[in-house]
Amino acid sequence: MSQLTSNDDLKPLPRGTVALVTGANKGIGFQTARTLGSLGATVLVGARDPERGATAAAALGAEGIDAHALRLDVTDQDSVKAAADRIRQTFGKLDILVNNAGVLLDHGIPVVEVTADLLRDTYETNVFGAAAVTSAMVPLLRLSGRARIVNISSSLGSLGVNSAEPERLAPFQMLAYNSSKAALNALTLMYAHALKTDGIKVNAAEPGYVATDLNGHQGIGTAEEAAVTVARLAVLDDDGPTATFQSETGHIPW
């Protein structure tokens with residue numbers, strides 16, 4: 001098992017824990033898979049491109065992590081169903097789902113110039129994709145007994161934060177991306193309440209302004225740091241919260 005660094009206060013996961021991370025072949029997704037694998041989980045590296053997924057899984061395996069590539073295009077319902085079927089056949093259940101796959105398509109485009117097609121393309125991955133994967137995986141998560149779902153969101157989608165501090169949006173005028181994260185936050189709340197009686201905790205994570213391919217590596221944080229924030233919500237104890245939006249510094253208003 002690989003050594004932990006900034007997340008070495010996290011407890012090891014129970015033997016047999018199975019975690020799926022979408023968009024896990026790079027960036028925050030890869031580091032989240034790495035963190036959960038370091039805690040003892042079998043990690044399923046969800047990736048749209050099978051070759052990139054296999055490369056990422058091999059890199060994790062070289063660190064002693066039990067990692068398996070899983071072809072998963074969140075915008076393709078057949079791909080989502082096939083992934084759920086494979087998990088059921090191979091592992092019989094799912095304990096952790098991290099909806100990490102996302103796109104940012106309107107950076108630098110003025111709000112009033114964002115087209116409906118661009119909105120649809122953004123929502124296809126960031127909102128509809130997360131919903132499709134969650135719905136497909138719920139039957140497997142219900143077999144866990146202590147399942148956790150974490151949606152990777154952004155404070156740019158927080159109506160509470162941005163209505164109170166509108167000036168913070170000035171450098172980040174992204175109609176499609178920001179509103180898609182607001183929609184994802186709404187999904188998080190709805191799933192959390194719908195799955196509460198199943199013991200499934202559903203929370204949203206704000207990874208911060210992280211340097212990734214999504215933003216041309218302009219962020220000031222690292223994917224490794226962001227993964228710790230995500231992992232904390234993925235490994236919550238039974239008395240941990242649900243229906244929350246959290247960053248490394250605490251709760252964020254929806």
# chains A, B, ... in the order shown; residues from 1 in each chain; ligands from 1
>>> closest_atom_pairs(of="region 82-139 of chain A", to="region 175-182 of chain A", cutoff="6 Å", atoms="only C-alpha atoms", output="CSV")
residue,atom,partner,partner_atom,distance
A:Leu104,CA,A:Tyr177,CA,5.8
A:Val111,CA,A:Leu175,CA,5.5
A:Leu119,CA,A:Ala176,CA,5.0
A:Tyr123,CA,A:Ser180,CA,5.8
>>> write_last_selection(atoms="N, CA and C atoms", output="PDB file, in the first residue's frame")
ATOM      1  N   LEU A 104     -15.507  22.153 -18.644  1.00  0.00           N
ATOM      2  CA  LEU A 104     -15.616  23.612 -18.594  1.00  0.00           C
ATOM      3  C   LEU A 104     -15.424  24.079 -20.026  1.00  0.00           C
ATOM      4  N   VAL A 111     -21.041  36.066 -20.913  1.00  0.00           N
ATOM      5  CA  VAL A 111     -22.281  35.412 -20.495  1.00  0.00           C
ATOM      6  C   VAL A 111     -23.354  35.509 -21.567  1.00  0.00           C
ATOM      7  N   LEU A 119     -24.644  25.364 -23.405  1.00  0.00           N
ATOM      8  CA  LEU A 119     -25.260  24.992 -22.128  1.00  0.00           C
ATOM      9  C   LEU A 119     -25.592  23.500 -22.117  1.00  0.00           C
ATOM     10  N   TYR A 123     -24.107  20.743 -19.533  1.00  0.00           N
ATOM     11  CA  TYR A 123     -25.016  20.012 -18.652  1.00  0.00           C
ATOM     12  C   TYR A 123     -24.986  18.509 -18.941  1.00  0.00           C
TER      13      TYR A 123
END
>>> residues_around(residues="Arg86 (chain A)", least_positions_apart="6", cutoff="12 Å", atoms="only C-alpha atoms", output="PyMOL selection string")
chain A and resi 20+44+46+68-72+79-80+92-94+136-137+140
>>> closest_atom_pairs(of="region 62-167 of chain A", to="region 221-238 of chain A", cutoff="10 Å", atoms="only C-alpha atoms", output="tab-separated table")
residue	atom	partner	partner_atom	distance
A:Asp95	CA	A:Ala234	CA	9.1
A:Ile96	CA	A:Ala234	CA	6.3
A:Leu97	CA	A:Ala234	CA	7.8
A:Val98	CA	A:Ala234	CA	7.6
A:Asn100	CA	A:Val230	CA	9.6
A:Arg146	CA	A:Asp238	CA	7.3
A:Ala147	CA	A:Ala234	CA	8.6
A:Arg148	CA	A:Ala234	CA	5.6
A:Ile149	CA	A:Ala234	CA	6.6
A:Val150	CA	A:Ala234	CA	6.2
A:Asn151	CA	A:Val230	CA	8.6
A:Ile152	CA	A:Val230	CA	7.7
>>> residues_around(residues="Tyr191 (chain A)", least_positions_apart="5", cutoff="9 Å", atoms="only C-alpha atoms", output="CSV table (one decimal) with all heavy atoms, in the first residue's frame")
chain,number,residue,atom,x,y,z
A,134,THR,N,-25.3,8.1,-11.1
A,134,THR,CA,-25.9,7.9,-9.7
A,134,THR,C,-27.1,6.9,-9.8
A,134,THR,O,-27.2,6.0,-9.0
A,134,THR,CB,-26.3,9.2,-9.1
A,134,THR,OG1,-25.2,10.1,-9.0
A,134,THR,CG2,-26.9,9.0,-7.7
A,186,ALA,N,-28.1,21.1,-6.4
A,186,ALA,CA,-29.5,20.8,-6.2
A,186,ALA,C,-29.7,19.3,-6.3
A,186,ALA,O,-30.4,18.7,-5.5
A,186,ALA,CB,-30.4,21.5,-7.3
A,196,LYS,N,-31.5,8.8,2.2
A,196,LYS,CA,-31.2,8.9,3.6
A,196,LYS,C,-31.7,7.6,4.4
A,196,LYS,O,-30.9,7.1,5.2
A,196,LYS,CB,-31.9,10.1,4.3
A,196,LYS,CG,-31.4,10.4,5.7
A,196,LYS,CD,-31.9,11.7,6.2
A,196,LYS,CE,-31.4,12.0,7.6
A,196,LYS,NZ,-31.9,13.4,8.1
A,201,LYS,N,-25.0,8.3,2.4
A,201,LYS,CA,-24.7,9.7,2.6
A,201,LYS,C,-24.3,10.4,1.3
A,201,LYS,O,-23.4,9.8,0.5
A,201,LYS,CB,-23.6,9.9,3.7
A,201,LYS,CG,-24.0,9.4,5.0
A,201,LYS,CD,-23.0,9.6,6.1
A,201,LYS,CE,-23.4,9.0,7.4
A,201,LYS,NZ,-24.6,9.6,8.0
A,202,VAL,N,-24.8,11.5,1.0
A,202,VAL,CA,-24.6,12.2,-0.3
A,202,VAL,C,-24.1,13.6,0.0
A,202,VAL,O,-24.9,14.4,0.6
A,202,VAL,CB,-25.8,12.2,-1.2
A,202,VAL,CG1,-25.4,12.8,-2.6
A,202,VAL,CG2,-26.4,10.8,-1.3
A,243,ALA,N,-26.1,15.6,2.9
A,243,ALA,CA,-26.7,16.9,2.3
A,243,ALA,C,-25.9,18.1,2.7
A,243,ALA,O,-26.5,19.1,3.0
A,243,ALA,CB,-28.2,17.0,2.8
>>> atom_distance(atom1="CA of Asn126 (chain A)", atom2="CA of Gly157 (chain A)")
11.8 Å
>>> closest_residue(among="A:Gly208, A:Gly40, A:Gly129, A:Pro110", to="Asp78 (chain A)", atoms="only C-alpha atoms")
A:Gly129
>>> residues_around(residues="Phe91 (chain A)", least_positions_apart="5", cutoff="10 Å", atoms="only C-alpha atoms", output="PyMOL selection string")
chain A and resi 16-18+42+85-86+140
>>> closest_residue(among="A:Val138, A:Ala205, A:Ala170, A:Leu36", to="Leu184 (chain A)", atoms="only C-alpha atoms")
A:Ala205
>>> select_by_dssp(residues="region 66-247 of chain A", states="helix (DSSP H, G or I)", output="PyMOL selection string")
chain A and resi 77-90+111-113+116-141+155-157+159-164+166-169+175-194+196-198+213-215+223-234
>>> write_last_selection(atoms="C-alpha atoms", output="CSV table (one decimal), in the first residue's frame")
chain,number,residue,atom,x,y,z
A,77,GLN,CA,-26.4,5.6,-21.2
A,78,ASP,CA,-25.3,2.3,-22.7
A,79,SER,CA,-21.7,2.9,-21.4
A,80,VAL,CA,-23.1,3.7,-17.9
A,81,LYS,CA,-25.3,0.6,-17.9
A,82,ALA,CA,-22.4,-1.6,-19.1
A,83,ALA,CA,-20.2,-0.2,-16.3
A,84,ALA,CA,-22.9,-0.9,-13.6
A,85,ASP,CA,-23.3,-4.4,-15.0
A,86,ARG,CA,-19.6,-5.1,-14.8
A,87,ILE,CA,-19.4,-3.8,-11.3
A,88,ARG,CA,-22.2,-6.1,-10.2
A,89,GLN,CA,-20.7,-9.1,-12.0
A,90,THR,CA,-17.2,-8.6,-10.7
A,111,VAL,CA,-22.3,35.4,-20.5
A,112,VAL,CA,-24.6,36.9,-23.1
A,113,GLU,CA,-22.8,35.0,-25.9
A,116,ALA,CA,-28.1,27.1,-25.7
A,117,ASP,CA,-26.0,24.4,-27.4
A,118,LEU,CA,-23.0,25.2,-25.2
A,119,LEU,CA,-25.3,25.0,-22.1
A,120,ARG,CA,-26.6,21.6,-23.3
A,121,ASP,CA,-23.1,20.3,-23.9
A,122,THR,CA,-22.0,21.4,-20.4
A,123,TYR,CA,-25.0,20.0,-18.7
A,124,GLU,CA,-24.7,16.7,-20.6
A,125,THR,CA,-21.6,15.9,-18.5
A,126,ASN,CA,-21.8,18.0,-15.4
A,127,VAL,CA,-25.5,17.4,-14.6
A,128,PHE,CA,-27.1,14.7,-16.7
A,129,GLY,CA,-24.0,12.5,-16.6
A,130,ALA,CA,-23.8,12.7,-12.8
A,131,ALA,CA,-27.5,11.8,-12.6
A,132,ALA,CA,-27.2,8.9,-15.0
A,133,VAL,CA,-24.3,7.4,-13.1
A,134,THR,CA,-25.9,7.9,-9.7
A,135,SER,CA,-29.2,6.3,-10.8
A,136,ALA,CA,-27.4,3.3,-12.4
A,137,MET,CA,-25.2,2.8,-9.3
A,138,VAL,CA,-27.8,3.2,-6.6
A,139,PRO,CA,-28.9,-0.5,-6.6
A,140,LEU,CA,-25.2,-1.4,-6.1
A,141,LEU,CA,-24.7,1.2,-3.4
A,155,SER,CA,-18.4,27.4,-5.0
A,156,LEU,CA,-19.0,29.2,-8.3
A,157,GLY,CA,-22.3,27.3,-8.3
A,159,LEU,CA,-26.1,30.9,-4.9
A,160,GLY,CA,-25.6,31.8,-1.3
A,161,VAL,CA,-21.9,32.7,-1.7
A,162,ASN,CA,-22.2,34.5,-4.9
A,163,SER,CA,-25.3,36.6,-4.1
A,164,ALA,CA,-23.5,37.7,-0.9
A,166,PRO,CA,-21.0,39.1,-6.3
A,167,GLU,CA,-17.6,40.7,-6.8
A,168,ARG,CA,-15.9,37.3,-6.5
A,169,LEU,CA,-17.6,36.2,-9.8
A,175,LEU,CA,-22.7,30.9,-17.4
A,176,ALA,CA,-22.7,27.3,-18.5
A,177,TYR,CA,-20.2,26.0,-16.0
A,178,ASN,CA,-21.3,27.9,-12.9
A,179,SER,CA,-25.0,27.2,-13.5
A,180,SER,CA,-24.3,23.5,-14.1
A,181,LYS,CA,-22.6,23.3,-10.7
A,182,ALA,CA,-25.6,25.1,-9.1
A,183,ALA,CA,-27.8,22.3,-10.7
A,184,LEU,CA,-25.4,19.6,-9.4
A,185,ASN,CA,-25.8,21.1,-5.9
A,186,ALA,CA,-29.5,20.8,-6.2
A,187,LEU,CA,-29.1,17.1,-7.3
A,188,THR,CA,-26.9,16.5,-4.3
A,189,LEU,CA,-29.6,17.7,-1.9
A,190,MET,CA,-32.3,15.7,-3.6
A,191,TYR,CA,-30.3,12.5,-3.7
A,192,ALA,CA,-29.3,13.0,-0.1
A,193,HIS,CA,-32.8,13.2,1.1
A,194,ALA,CA,-34.1,10.4,-1.2
A,196,LYS,CA,-31.2,8.9,3.6
A,197,THR,CA,-33.3,5.9,4.7
A,198,ASP,CA,-30.9,3.6,2.9
A,213,ASP,CA,-6.4,20.5,-17.5
A,214,LEU,CA,-9.9,21.9,-16.9
A,215,ASN,CA,-8.6,25.4,-16.4
A,223,ALA,CA,-5.0,17.9,-7.3
A,224,GLU,CA,-3.4,16.0,-4.4
A,225,GLU,CA,-4.8,18.6,-1.9
A,226,ALA,CA,-8.2,18.6,-3.5
A,227,ALA,CA,-8.4,14.8,-3.3
A,228,VAL,CA,-8.1,14.9,0.4
A,229,THR,CA,-11.1,17.1,0.7
A,230,VAL,CA,-13.0,14.7,-1.5
A,231,ALA,CA,-11.8,11.6,0.4
A,232,ARG,CA,-12.9,13.0,3.7
A,233,LEU,CA,-16.5,13.0,2.5
A,234,ALA,CA,-16.1,9.6,0.8
>>> closest_residue(among="A:Gly53, A:Pro207, A:Leu60, A:Gly23", to="Gly250 (chain A)", atoms="only C-alpha atoms")
A:Pro207
>>> closest_residue(among="A:Ala33, A:Val45, A:Leu195, A:Ile252", to="Ser158 (chain A)", atoms="only C-alpha atoms")
A:Ile252
>>> select_by_dssp(residues="region 79-218 of chain A", states="strand (DSSP E)", output="MDAnalysis selection string")
chainID A and resid 96:99 148:152 201:205
>>> write_last_selection(atoms="all heavy atoms", output="mmCIF file, in the first residue's frame")
data_model
loop_
_atom_site.group_PDB
_atom_site.id
_atom_site.type_symbol
_atom_site.label_atom_id
_atom_site.label_comp_id
_atom_site.auth_asym_id
_atom_site.auth_seq_id
_atom_site.Cartn_x
_atom_site.Cartn_y
_atom_site.Cartn_z
ATOM 1 N N ILE A 96 -18.474 3.321 -2.602
ATOM 2 C CA ILE A 96 -18.193 4.754 -2.763
ATOM 3 C C ILE A 96 -18.344 5.128 -4.228
ATOM 4 O O ILE A 96 -17.799 4.456 -5.108
ATOM 5 C CB ILE A 96 -16.762 5.103 -2.296
ATOM 6 C CG1 ILE A 96 -16.596 4.845 -0.790
ATOM 7 C CG2 ILE A 96 -16.425 6.551 -2.623
ATOM 8 C CD1 ILE A 96 -15.148 4.930 -0.315
ATOM 9 N N LEU A 97 -19.084 6.192 -4.471
ATOM 10 C CA LEU A 97 -19.190 6.755 -5.815
ATOM 11 C C LEU A 97 -18.758 8.213 -5.759
ATOM 12 O O LEU A 97 -19.304 9.003 -4.986
ATOM 13 C CB LEU A 97 -20.635 6.674 -6.332
ATOM 14 C CG LEU A 97 -20.935 7.468 -7.617
ATOM 15 C CD1 LEU A 97 -20.098 6.972 -8.783
ATOM 16 C CD2 LEU A 97 -22.429 7.416 -7.944
ATOM 17 N N VAL A 98 -17.765 8.555 -6.570
ATOM 18 C CA VAL A 98 -17.325 9.944 -6.686
ATOM 19 C C VAL A 98 -17.637 10.414 -8.106
ATOM 20 O O VAL A 98 -17.023 9.947 -9.071
ATOM 21 C CB VAL A 98 -15.818 10.099 -6.392
ATOM 22 C CG1 VAL A 98 -15.400 11.563 -6.557
ATOM 23 C CG2 VAL A 98 -15.486 9.609 -4.982
ATOM 24 N N ASN A 99 -18.606 11.310 -8.216
ATOM 25 C CA ASN A 99 -18.968 11.890 -9.517
ATOM 26 C C ASN A 99 -18.036 13.057 -9.788
ATOM 27 O O ASN A 99 -18.310 14.205 -9.421
ATOM 28 C CB ASN A 99 -20.431 12.347 -9.500
ATOM 29 C CG ASN A 99 -21.403 11.195 -9.629
ATOM 30 O OD1 ASN A 99 -21.274 10.355 -10.508
ATOM 31 N ND2 ASN A 99 -22.376 11.141 -8.724
ATOM 32 N N ARG A 148 -21.381 5.843 0.268
ATOM 33 C CA ARG A 148 -21.147 7.280 0.231
ATOM 34 C C ARG A 148 -21.103 7.745 -1.220
ATOM 35 O O ARG A 148 -20.496 7.091 -2.074
ATOM 36 C CB ARG A 148 -19.810 7.636 0.910
ATOM 37 C CG ARG A 148 -19.636 7.061 2.321
ATOM 38 C CD ARG A 148 -20.524 7.755 3.324
ATOM 39 N NE ARG A 148 -20.344 7.256 4.677
ATOM 40 C CZ ARG A 148 -21.179 6.428 5.289
ATOM 41 N NH1 ARG A 148 -22.256 5.962 4.650
ATOM 42 N NH2 ARG A 148 -20.962 6.031 6.531
ATOM 43 N N ILE A 149 -21.721 8.886 -1.491
ATOM 44 C CA ILE A 149 -21.653 9.528 -2.797
ATOM 45 C C ILE A 149 -21.083 10.926 -2.595
ATOM 46 O O ILE A 149 -21.529 11.667 -1.718
ATOM 47 C CB ILE A 149 -23.038 9.637 -3.456
ATOM 48 C CG1 ILE A 149 -23.658 8.247 -3.665
ATOM 49 C CG2 ILE A 149 -22.939 10.375 -4.794
ATOM 50 C CD1 ILE A 149 -25.095 8.291 -4.178
ATOM 51 N N VAL A 150 -20.094 11.273 -3.413
ATOM 52 C CA VAL A 150 -19.519 12.614 -3.370
ATOM 53 C C VAL A 150 -19.584 13.206 -4.769
ATOM 54 O O VAL A 150 -19.090 12.614 -5.736
ATOM 55 C CB VAL A 150 -18.048 12.599 -2.892
ATOM 56 C CG1 VAL A 150 -17.535 14.033 -2.745
ATOM 57 C CG2 VAL A 150 -17.910 11.854 -1.570
ATOM 58 N N ASN A 151 -20.199 14.372 -4.876
ATOM 59 C CA ASN A 151 -20.269 15.095 -6.148
ATOM 60 C C ASN A 151 -19.262 16.234 -6.135
ATOM 61 O O ASN A 151 -19.258 17.048 -5.199
ATOM 62 C CB ASN A 151 -21.678 15.647 -6.369
ATOM 63 C CG ASN A 151 -22.704 14.556 -6.549
ATOM 64 O OD1 ASN A 151 -22.410 13.497 -7.105
ATOM 65 N ND2 ASN A 151 -23.920 14.790 -6.074
ATOM 66 N N ILE A 152 -18.415 16.287 -7.159
ATOM 67 C CA ILE A 152 -17.419 17.354 -7.214
ATOM 68 C C ILE A 152 -18.078 18.607 -7.776
ATOM 69 O O ILE A 152 -18.433 18.679 -8.955
ATOM 70 C CB ILE A 152 -16.213 16.961 -8.086
ATOM 71 C CG1 ILE A 152 -15.652 15.603 -7.634
ATOM 72 C CG2 ILE A 152 -15.139 18.046 -8.006
ATOM 73 C CD1 ILE A 152 -15.249 15.554 -6.174
ATOM 74 N N LYS A 201 -24.970 8.326 2.370
ATOM 75 C CA LYS A 201 -24.687 9.736 2.586
ATOM 76 C C LYS A 201 -24.251 10.373 1.268
ATOM 77 O O LYS A 201 -23.406 9.832 0.550
ATOM 78 C CB LYS A 201 -23.601 9.906 3.650
ATOM 79 C CG LYS A 201 -24.028 9.376 5.026
ATOM 80 C CD LYS A 201 -22.975 9.648 6.077
ATOM 81 C CE LYS A 201 -23.380 9.031 7.419
ATOM 82 N NZ LYS A 201 -24.611 9.625 7.962
ATOM 83 N N VAL A 202 -24.832 11.522 0.960
ATOM 84 C CA VAL A 202 -24.556 12.211 -0.300
ATOM 85 C C VAL A 202 -24.140 13.643 0.012
ATOM 86 O O VAL A 202 -24.902 14.397 0.628
ATOM 87 C CB VAL A 202 -25.791 12.220 -1.216
ATOM 88 C CG1 VAL A 202 -25.414 12.776 -2.589
ATOM 89 C CG2 VAL A 202 -26.392 10.826 -1.343
ATOM 90 N N ASN A 203 -22.949 14.007 -0.412
ATOM 91 C CA ASN A 203 -22.438 15.347 -0.153
ATOM 92 C C ASN A 203 -21.736 15.892 -1.386
ATOM 93 O O ASN A 203 -21.358 15.141 -2.298
ATOM 94 C CB ASN A 203 -21.445 15.318 1.015
ATOM 95 C CG ASN A 203 -22.100 14.968 2.338
ATOM 96 O OD1 ASN A 203 -22.777 15.792 2.944
ATOM 97 N ND2 ASN A 203 -21.907 13.736 2.793
ATOM 98 N N ALA A 204 -21.566 17.210 -1.417
ATOM 99 C CA ALA A 204 -20.837 17.870 -2.492
ATOM 100 C C ALA A 204 -19.513 18.386 -1.948
ATOM 101 O O ALA A 204 -19.442 18.849 -0.803
ATOM 102 C CB ALA A 204 -21.653 19.022 -3.068
ATOM 103 N N ALA A 205 -18.481 18.301 -2.758
ATOM 104 C CA ALA A 205 -17.151 18.757 -2.353
ATOM 105 C C ALA A 205 -16.696 19.908 -3.235
ATOM 106 O O ALA A 205 -16.857 19.877 -4.460
ATOM 107 C CB ALA A 205 -16.143 17.615 -2.446
#
>>> atom_distance(atom1="CA of Lys26 (chain A)", atom2="CA of Ser154 (chain A)")
18.2 Å
